[in-house]
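> The structure file query-v7.cif (mmCIF, C-alpha atoms) is provided below.
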data_final
loop_
_atom_site.label_atom_id
_atom_site.label_comp_id
_atom_site.auth_asym_id
_atom_site.auth_seq_id
_atom_site.Cartn_x
_atom_site.Cartn_y
_atom_site.Cartn_z
CA MET A 17 -0.50 83.48 17.90
CA SER A 18 -3.28 81.86 15.87
CA VAL A 19 -2.93 79.22 13.21
CA LEU A 20 -3.65 81.80 10.48
CA ASP A 21 -0.66 83.94 11.57
CA ALA A 22 1.74 81.05 11.09
CA ARG A 23 4.21 81.56 8.29
CA PRO A 24 6.00 78.79 6.42
CA VAL A 25 9.67 78.59 7.17
CA ALA A 26 11.96 78.19 4.17
CA ILE A 27 14.61 75.52 4.49
CA HIS A 28 17.67 75.91 2.29
CA ASP A 29 19.78 73.01 1.11
CA ASP A 30 22.95 74.66 2.41
CA ASP A 31 21.61 75.05 5.95
CA PRO A 32 23.70 73.05 8.42
CA ILE A 33 22.05 69.92 9.75
CA PRO A 34 22.01 69.76 13.53
CA GLN A 35 24.35 67.19 15.02
CA ASN A 36 21.53 65.25 16.63
CA LYS A 37 19.55 65.09 13.34
CA ARG A 38 22.29 63.62 11.18
CA PRO A 39 21.79 60.00 10.12
CA ARG A 40 23.98 57.61 11.98
CA HIS A 41 25.39 54.45 10.48
CA ILE A 42 24.28 51.37 12.34
CA LYS A 43 27.21 49.30 13.47
CA GLY A 44 27.22 45.95 11.73
CA ALA A 45 24.84 47.02 8.93
CA ARG A 46 27.57 46.49 6.32
CA PRO A 47 29.19 43.05 6.15
CA GLY A 48 32.84 43.12 7.03
CA TRP A 49 35.84 41.24 5.75
CA PHE A 50 35.04 38.25 7.96
CA VAL A 51 31.63 37.75 6.30
CA TYR A 52 33.10 38.09 2.82
CA GLY A 53 35.91 35.73 3.75
CA CYS A 54 33.46 33.07 4.97
CA LEU A 55 31.34 33.46 1.85
CA GLY A 56 34.44 33.15 -0.31
CA ILE A 57 35.44 29.92 1.44
CA VAL A 58 31.93 28.51 1.00
CA LEU A 59 31.97 29.52 -2.67
CA LEU A 60 35.34 27.85 -3.30
CA ALA A 61 34.25 24.70 -1.44
CA SER A 62 31.09 24.58 -3.60
CA ILE A 63 32.92 25.10 -6.90
CA PHE A 64 35.81 22.73 -6.21
CA PRO A 65 33.91 19.44 -6.83
CA PHE A 66 32.79 20.73 -10.24
CA TYR A 67 36.30 21.85 -11.11
CA TRP A 68 37.75 18.53 -9.97
CA SER A 69 35.22 16.67 -12.13
CA LEU A 70 36.19 18.91 -15.05
CA LEU A 71 39.89 18.17 -14.51
CA ILE A 72 39.37 14.41 -14.49
CA GLY A 73 36.64 14.44 -17.13
CA SER A 74 38.80 16.38 -19.57
CA GLY A 75 41.74 14.01 -19.18
CA ASP A 76 42.29 10.33 -19.92
CA SER A 77 42.06 7.14 -17.90
CA TYR A 78 45.45 7.75 -16.23
CA THR A 79 44.85 11.36 -15.20
CA ILE A 80 43.41 10.52 -11.79
CA ARG A 81 46.44 8.31 -11.00
CA ASP A 82 49.02 10.83 -12.19
CA PRO A 83 50.91 12.33 -9.19
CA ASN A 84 51.98 15.25 -11.39
CA MET A 85 48.48 15.96 -12.65
CA SER A 86 48.03 19.42 -14.11
CA TRP A 87 45.50 21.71 -12.46
CA LEU A 88 44.43 23.00 -15.87
CA PRO A 89 41.66 21.19 -17.78
CA GLY A 90 42.74 18.92 -20.62
CA GLY A 91 41.34 18.68 -24.09
CA ASN A 92 39.48 15.36 -23.94
CA PHE A 93 36.19 16.47 -22.39
CA PHE A 94 34.16 16.48 -25.60
CA SER A 95 35.53 13.12 -26.69
CA ASN A 96 34.75 11.62 -23.27
CA ALA A 97 31.27 13.17 -23.35
CA ALA A 98 30.72 11.67 -26.81
CA LYS A 99 31.66 8.24 -25.44
CA VAL A 100 29.06 8.63 -22.70
CA ILE A 101 26.35 9.73 -25.13
CA ASN A 102 27.12 7.01 -27.69
CA ASP A 103 27.49 4.17 -25.17
CA PRO A 104 24.66 1.70 -25.97
CA ALA A 105 24.58 0.46 -22.37
CA VAL A 106 23.83 3.95 -21.03
CA ASN A 107 20.89 4.95 -23.29
CA PHE A 108 21.78 8.57 -22.58
CA TRP A 109 18.99 10.34 -24.48
CA ILE A 110 16.29 8.04 -23.11
CA ALA A 111 17.67 8.51 -19.60
CA LEU A 112 17.82 12.29 -20.05
CA TRP A 113 14.22 12.40 -21.26
CA ASN A 114 13.03 10.18 -18.41
CA SER A 115 14.79 12.40 -15.87
CA ILE A 116 13.30 15.59 -17.31
CA VAL A 117 9.75 14.20 -17.50
CA SER A 118 9.74 12.53 -14.09
CA SER A 119 11.41 15.45 -12.29
CA ALA A 120 9.10 18.04 -13.89
CA LEU A 121 5.93 16.07 -13.14
CA ILE A 122 7.00 15.39 -9.56
CA ALA A 123 7.88 19.06 -8.98
CA LEU A 124 4.58 20.32 -10.42
CA SER A 125 2.55 17.79 -8.46
CA VAL A 126 4.33 18.49 -5.17
CA VAL A 127 3.88 22.25 -5.60
CA PHE A 128 0.17 21.93 -6.42
CA PHE A 129 -0.81 19.46 -3.69
CA SER A 130 1.46 21.05 -1.07
CA THR A 131 0.05 24.52 -1.76
CA LEU A 132 -3.51 23.18 -1.63
CA ALA A 133 -2.92 21.25 1.59
CA GLY A 134 -0.94 24.13 3.09
CA TRP A 135 -3.84 26.49 2.40
CA ALA A 136 -6.26 24.10 4.09
CA PHE A 137 -4.10 23.64 7.18
CA ALA A 138 -3.21 27.32 7.47
CA LYS A 139 -6.48 29.13 6.69
CA LEU A 140 -9.39 26.69 6.87
CA ARG A 141 -10.97 25.77 10.18
CA PHE A 142 -11.91 22.10 10.48
CA ARG A 143 -11.86 19.51 13.21
CA GLY A 144 -8.59 17.62 13.63
CA ALA A 145 -6.47 20.02 11.57
CA ASN A 146 -3.61 20.17 14.06
CA VAL A 147 -3.61 16.40 14.58
CA LEU A 148 -3.46 15.76 10.84
CA LEU A 149 -0.65 18.28 10.39
CA VAL A 150 1.37 16.64 13.17
CA PHE A 151 0.77 13.26 11.52
CA VAL A 152 2.00 14.58 8.16
CA ILE A 153 5.13 16.02 9.78
CA ALA A 154 5.74 12.75 11.66
CA THR A 155 5.90 10.83 8.37
CA MET A 156 9.14 12.65 7.58
CA ALA A 157 10.79 10.64 10.36
CA VAL A 158 10.06 7.35 8.55
CA PRO A 159 12.98 6.33 6.28
CA MET A 160 12.12 5.55 2.68
CA GLN A 161 14.00 2.25 2.90
CA LEU A 162 11.26 0.83 5.15
CA GLY A 163 8.69 1.10 2.38
CA VAL A 164 10.80 -0.14 -0.52
CA VAL A 165 9.85 -3.82 -0.28
CA PRO A 166 6.04 -3.39 -0.01
CA LEU A 167 6.17 -0.63 -2.61
CA TYR A 168 8.06 -2.85 -5.04
CA ILE A 169 5.62 -5.72 -4.43
CA LEU A 170 2.70 -3.36 -5.13
CA PHE A 171 4.09 -2.09 -8.43
CA SER A 172 5.11 -5.61 -9.41
CA GLU A 173 1.52 -6.82 -8.86
CA ILE A 174 0.08 -4.11 -11.10
CA GLY A 175 2.82 -4.56 -13.70
CA TRP A 176 4.48 -1.14 -13.32
CA THR A 177 8.05 -2.27 -12.68
CA GLY A 178 10.24 -0.79 -15.37
CA ASN A 179 7.63 1.92 -15.96
CA LEU A 180 8.35 5.59 -15.38
CA GLY A 181 5.12 5.92 -13.40
CA ALA A 182 6.62 3.76 -10.67
CA ILE A 183 8.93 6.60 -9.64
CA ILE A 184 6.40 9.41 -10.23
CA ILE A 185 3.36 8.12 -8.32
CA PRO A 186 5.04 7.62 -4.90
CA ALA A 187 6.52 11.15 -5.05
CA LEU A 188 3.39 13.11 -6.02
CA VAL A 189 3.00 14.52 -2.48
CA SER A 190 5.73 15.61 -0.09
CA ALA A 191 5.29 15.90 3.67
CA PHE A 192 7.99 18.54 3.79
CA GLY A 193 6.22 20.47 1.03
CA VAL A 194 2.96 20.47 2.98
CA PHE A 195 4.71 21.69 6.13
CA TRP A 196 6.68 24.33 4.18
CA MET A 197 3.63 25.78 2.44
CA THR A 198 1.54 25.66 5.63
CA GLN A 199 4.05 27.76 7.52
CA TYR A 200 4.51 30.24 4.69
CA ILE A 201 0.80 30.75 3.93
CA ARG A 202 0.02 31.11 7.63
CA GLN A 203 2.33 34.15 7.79
CA ALA A 204 1.94 35.55 4.27
CA VAL A 205 -1.86 35.71 3.90
CA PRO A 206 -3.81 37.92 6.33
CA ASP A 207 -7.19 36.64 7.42
CA GLU A 208 -8.71 39.98 6.41
CA LEU A 209 -8.09 39.21 2.73
CA ILE A 210 -9.92 35.91 3.03
CA GLU A 211 -12.85 37.57 4.78
CA ALA A 212 -12.99 40.25 2.09
CA ALA A 213 -13.05 37.60 -0.63
CA ARG A 214 -15.87 35.75 1.10
CA VAL A 215 -17.85 38.98 1.45
CA ASP A 216 -17.49 39.46 -2.31
CA GLY A 217 -19.06 36.03 -2.83
CA ALA A 218 -15.94 34.02 -3.72
CA THR A 219 -16.01 30.31 -3.04
CA SER A 220 -13.29 28.60 -1.01
CA PHE A 221 -11.46 27.32 -4.10
CA ARG A 222 -11.73 30.68 -5.88
CA THR A 223 -10.36 32.37 -2.76
CA PHE A 224 -7.47 29.93 -2.88
CA LEU A 225 -6.78 30.76 -6.54
CA THR A 226 -7.11 34.53 -6.27
CA VAL A 227 -5.62 35.12 -2.81
CA GLY A 228 -3.60 32.09 -1.77
CA VAL A 229 -1.77 31.22 -5.00
CA PRO A 230 -0.37 34.74 -5.70
CA ALA A 231 0.76 35.12 -2.09
CA ALA A 232 2.39 31.66 -2.00
CA ARG A 233 4.16 32.00 -5.36
CA PRO A 234 7.68 32.70 -3.98
CA ALA A 235 7.58 29.76 -1.58
CA ALA A 236 6.06 27.54 -4.27
CA ALA A 237 8.87 28.47 -6.68
CA MET A 238 11.50 27.50 -4.13
CA LEU A 239 9.69 24.26 -3.30
CA GLY A 240 9.39 23.38 -6.98
CA LEU A 241 13.06 24.09 -7.62
CA PHE A 242 14.35 22.01 -4.73
CA THR A 243 11.88 19.20 -5.50
CA PHE A 244 13.05 19.11 -9.12
CA VAL A 245 16.69 18.86 -8.04
CA SER A 246 15.88 16.15 -5.48
CA ALA A 247 13.92 14.11 -8.03
CA TRP A 248 16.67 14.59 -10.62
CA ASN A 249 19.36 13.27 -8.27
CA ASN A 250 17.27 10.41 -6.87
CA PHE A 251 19.08 7.12 -7.40
CA PHE A 252 17.91 4.56 -4.85
CA TRP A 253 14.29 3.91 -5.85
CA PRO A 254 14.76 4.32 -9.66
CA PHE A 255 17.70 1.89 -9.51
CA ILE A 256 15.42 -0.73 -7.91
CA VAL A 257 12.22 -0.34 -9.92
CA LEU A 258 13.46 0.65 -13.41
CA ASP A 259 15.23 -1.55 -15.93
CA ARG A 260 18.33 -0.78 -18.00
CA GLN A 261 16.33 -0.09 -21.16
CA SER A 262 14.49 2.88 -19.62
CA PRO A 263 16.52 4.34 -16.73
CA THR A 264 16.85 7.81 -15.33
CA LEU A 265 20.13 9.66 -15.75
CA PRO A 266 21.75 8.79 -12.37
CA VAL A 267 20.92 5.11 -12.92
CA ALA A 268 22.27 5.23 -16.46
CA LEU A 269 25.53 6.85 -15.37
CA SER A 270 26.04 4.15 -12.75
CA LEU A 271 26.37 1.66 -15.62
CA LEU A 272 29.60 3.38 -16.65
CA GLN A 273 31.38 1.91 -13.61
CA SER A 274 29.96 -1.61 -13.76
CA ASN A 275 33.01 -3.07 -15.54
CA TYR A 276 36.19 -4.47 -14.04
CA PHE A 277 38.11 -1.36 -15.07
CA VAL A 278 36.49 2.00 -14.36
CA ASP A 279 37.54 4.91 -16.55
CA TYR A 280 36.86 7.83 -14.22
CA SER A 281 37.46 10.37 -16.96
CA ILE A 282 34.37 9.07 -18.77
CA VAL A 283 32.39 8.67 -15.53
CA LEU A 284 33.03 12.26 -14.42
CA ALA A 285 32.38 13.57 -17.92
CA GLY A 286 28.96 11.93 -17.66
CA VAL A 287 28.47 13.48 -14.21
CA LEU A 288 29.15 16.92 -15.64
CA LEU A 289 26.70 16.27 -18.48
CA SER A 290 24.00 15.39 -15.95
CA THR A 291 24.76 18.58 -13.99
CA ILE A 292 24.41 20.96 -16.96
CA PRO A 293 20.55 20.90 -17.01
CA LEU A 294 20.47 21.74 -13.29
CA LEU A 295 22.85 24.67 -13.81
CA ILE A 296 20.65 25.96 -16.62
CA LEU A 297 17.61 25.64 -14.36
CA PHE A 298 19.29 27.60 -11.58
CA VAL A 299 20.32 30.33 -14.01
CA PHE A 300 16.75 30.87 -15.20
CA ALA A 301 15.13 30.35 -11.78
CA GLY A 302 17.73 32.26 -9.77
CA LYS A 303 15.78 35.52 -9.73
CA GLN A 304 12.62 33.84 -8.44
CA LEU A 305 14.69 31.89 -5.91
CA VAL A 306 16.28 35.03 -4.46
CA SER A 307 12.89 36.77 -4.44
CA GLY A 308 11.37 33.89 -2.50
CA ILE A 309 14.20 33.90 0.04
CA MET A 310 13.99 37.67 0.56
CA GLN A 311 10.19 37.71 0.89
CA GLY A 312 10.29 34.80 3.29
CA ALA A 313 12.94 36.57 5.36
CA VAL A 314 10.92 39.80 5.49
CA LYS A 315 7.71 38.02 6.44
CA GLY A 316 9.49 35.87 8.99
#
Would it be possible to restate this file's structure as structure tokens?

Amino acid sequence: MSVLDARPVAIHDDDPIPQNKRPRHIKGARPGWFVYGCLGIVLLASIFPFYWSLLIGSGDSYTIRDPNMSWLPGGNFFSNAAKVINDPAVNFWIALWNSIVSSALIALSVVFFSTLAGWAFAKLRFRGANVLLVFVIATMAVPMQLGVVPLYILFSEIGWTGNLGAIIIPALVSAFGVFWMTQYIRQAVPDELIEAARVDGATSFRTFLTVGVPAARPAAAMLGLFTFVSAWNNFFWPFIVLDRQSPTLPVALSLLQSNYFVDYSIVLAGVLLSTIPLLILFVFAGKQLVSGIMQGAVKG
């Protein structure tokens, strides 16, 4: 029979599907009760510190010592929060502004320089690239405490102690950020796209902007988010180099427990106040965060 004699065969929706053609469910494709149980335990363990802070922060100075403490929040949270905000030793609004500015600048700088360096290590061919990358990764093994004394002497010589730039400048580049972006760009950007851009006459930097930046956006969003949180929670170096008139928020909140008697209801109310901006950030950046995780998982 020739090809011209072939007749199309009509397939009706009610025709029975052969047994060997029916889709089979892959065992383990759906998470079971064990997975949901583990996730529930992790979720409760993550929420409990916040709830405990809310319990103590909404009580009074004797709540934490009360053996019959109620597991329902009290009604003193707003009054305790007002004490934190109005405490002249804390300088809450100055500390909040300093934390926002320093964390945002550090996150933007780390994302930019890490993406640029990651593009160079992943897609540009130059002598000593692997050696330099290994050197950058090796710096992560050096504790920050080893560089505190010479770093403080340096900023003291140039008159930057007590200045917000003293905590921004040392954190402009992250070795982990360079390694993270190098690994992601190496897998996410095919070499054919770079060759096509060069054939079209694009320069190296224009190729980076038009090809590398869009492809690295999910990983850059995750890096920026985690860098912001890390800079926001940083206490050690800001406590050393900044003064009490212009602190960051963790340093300012530490002044609440510098007296002989520590009112933990006020301290934990201040901790919750410092956590609210991070929760707002995660709410708005959650979609990009999940997108970055999923794309990284697919590409990996």
> If I take CA of Ile296 (chain A) and CA of Asn250 (chain A), how far is one from the other in Å, to one decimal?
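Rounded to one decimal, the two atoms are 18.7 Å apart.
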> Can you measure CA of Trp68 (chain A) to CA of Asn96 (chain A) for me? One decimal in Å is fine.
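Computing it gives 15.3 Å between the two atoms.
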> So that I can see what lies close to region 221-228 of chain A, please list as a PDB file with C-alpha atoms, in the frame of the given file the residues with an atom at most 9 Å from it, counting only C-alpha atoms and leaving out residues fewer than 4 positions away in the same chain.

ATOM      1  CA  THR A 131       0.050  24.520  -1.760  1.00  0.00           C
ATOM      2  CA  LEU A 132      -3.510  23.180  -1.630  1.00  0.00           C
ATOM      3  CA  TRP A 135      -3.840  26.490   2.400  1.00  0.00           C
ATOM      4  CA  ILE A 201       0.800  30.750   3.930  1.00  0.00           C
ATOM      5  CA  ALA A 204       1.940  35.550   4.270  1.00  0.00           C
ATOM      6  CA  VAL A 205      -1.860  35.710   3.900  1.00  0.00           C
ATOM      7  CA  LEU A 209      -8.090  39.210   2.730  1.00  0.00           C
ATOM      8  CA  ILE A 210      -9.920  35.910   3.030  1.00  0.00           C
ATOM      9  CA  ALA A 213     -13.050  37.600  -0.630  1.00  0.00           C
ATOM     10  CA  ARG A 214     -15.870  35.750   1.100  1.00  0.00           C
ATOM     11  CA  ALA A 232       2.390  31.660  -2.000  1.00  0.00           C
ATOM     12  CA  ARG A 233       4.160  32.000  -5.360  1.00  0.00           C
TER      13      ARG A 233
END
> Counting only C-alpha atoms, figure out which residue out of A:Ala247, A:Ala97, A:Thr155, A:Leu294 gets nearest to Val117 (chain A).
A:Ala247
> In Å, rounded to a single decimal, give me how far CA of Leu269 (chain A) is from CA of Lys99 (chain A).
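Rounded to one decimal, the two atoms are 11.9 Å apart.
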> Taking into account only C-alpha atoms, which residue in the set A:Ser119, A:Val257, A:Ala182, A:Arg141 is nearest to Ser220 (chain A)?
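Selected residue with least distance to Ser220 (chain A): A:Arg141.
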> Could you name the residues that touch Val245 (chain A) at 10 Å or less, counting all atoms listed in the file, but leaving out those on the same chain fewer than 3 positions away, as a PyMOL selection string?
chain A and resi 119-120+123+240-242+248-250+293-294+297-298
> Using only C-alpha atoms, which protein or nucleic acid residues come within 12 Å of Arg260 (chain A)? Drop anything in the same chain fewer than 6 positions from it, and give the result as a ChimeraX atom specification.
/A:104-108,110-111,177-179,254,266-271
> Keeping C-alpha atoms, export the residues of the selection given above as a compact mmCIF listing (two decimals), keeping the file's coordinate frame.

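Wrote it out as again25.txt, contents follow:
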# COMPACT_ATOMS: atom_id res chain seq x y z
CA PRO A 104 24.66 1.70 -25.97
CA ALA A 105 24.58 0.46 -22.37
CA VAL A 106 23.83 3.95 -21.03
CA ASN A 107 20.89 4.95 -23.29
CA PHE A 108 21.78 8.57 -22.58
CA ILE A 110 16.29 8.04 -23.11
CA ALA A 111 17.67 8.51 -19.60
CA THR A 177 8.05 -2.27 -12.68
CA GLY A 178 10.24 -0.79 -15.37
CA ASN A 179 7.63 1.92 -15.96
CA PRO A 254 14.76 4.32 -9.66
CA PRO A 266 21.75 8.79 -12.37
CA VAL A 267 20.92 5.11 -12.92
CA ALA A 268 22.27 5.23 -16.46
CA LEU A 269 25.53 6.85 -15.37
CA SER A 270 26.04 4.15 -12.75
CA LEU A 271 26.37 1.66 -15.62
> Hey, can you pull every residue with an atom no more than 8 Å from (8.4, 25.7, -0.1), using only C-alpha atoms, and send it as a compact mmCIF listing (two decimals) with C-alpha atoms, in the frame of the given file?

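Now in part.txt:
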# COMPACT_ATOMS: atom_id res chain seq x y z
CA VAL A 127 3.88 22.25 -5.60
CA GLY A 193 6.22 20.47 1.03
CA TRP A 196 6.68 24.33 4.18
CA MET A 197 3.63 25.78 2.44
CA TYR A 200 4.51 30.24 4.69
CA ALA A 235 7.58 29.76 -1.58
CA ALA A 236 6.06 27.54 -4.27
CA ALA A 237 8.87 28.47 -6.68
CA MET A 238 11.50 27.50 -4.13
CA LEU A 239 9.69 24.26 -3.30
CA GLY A 240 9.39 23.38 -6.98
> Considering all atoms listed in the file, can you say which of A:Val152, A:Ala133, A:Ala187, A:Ala285 comes closest to Phe244 (chain A)?
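Residue with the minimum atom-to-atom distance to Phe244 (chain A): A:Ala187.
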> Neighbouring residues of Ser86 (chain A) were defined as those with any atom within 12 Å, considering all atoms listed in the file; residues of the same chain fewer than 2 positions away were excluded. Please report them as JSON, numbers by chain.
{"A": [68, 70, 71, 72, 74, 75, 79, 80, 81, 82, 83, 84, 88, 89, 90]}
> Taking 5 positions as the minimum chain separation for residues in the same chain, which residues sit within 9 Å of Ile256 (chain A) when counting all atoms listed in the file? Answer as a PDB file with C-alpha atoms, in the coordinates of the input.

ATOM      1  CA  VAL A 164      10.800  -0.140  -0.520  1.00  0.00           C
ATOM      2  CA  TYR A 168       8.060  -2.850  -5.040  1.00  0.00           C
ATOM      3  CA  THR A 177       8.050  -2.270 -12.680  1.00  0.00           C
ATOM      4  CA  PHE A 251      19.080   7.120  -7.400  1.00  0.00           C
TER       5      PHE A 251
END
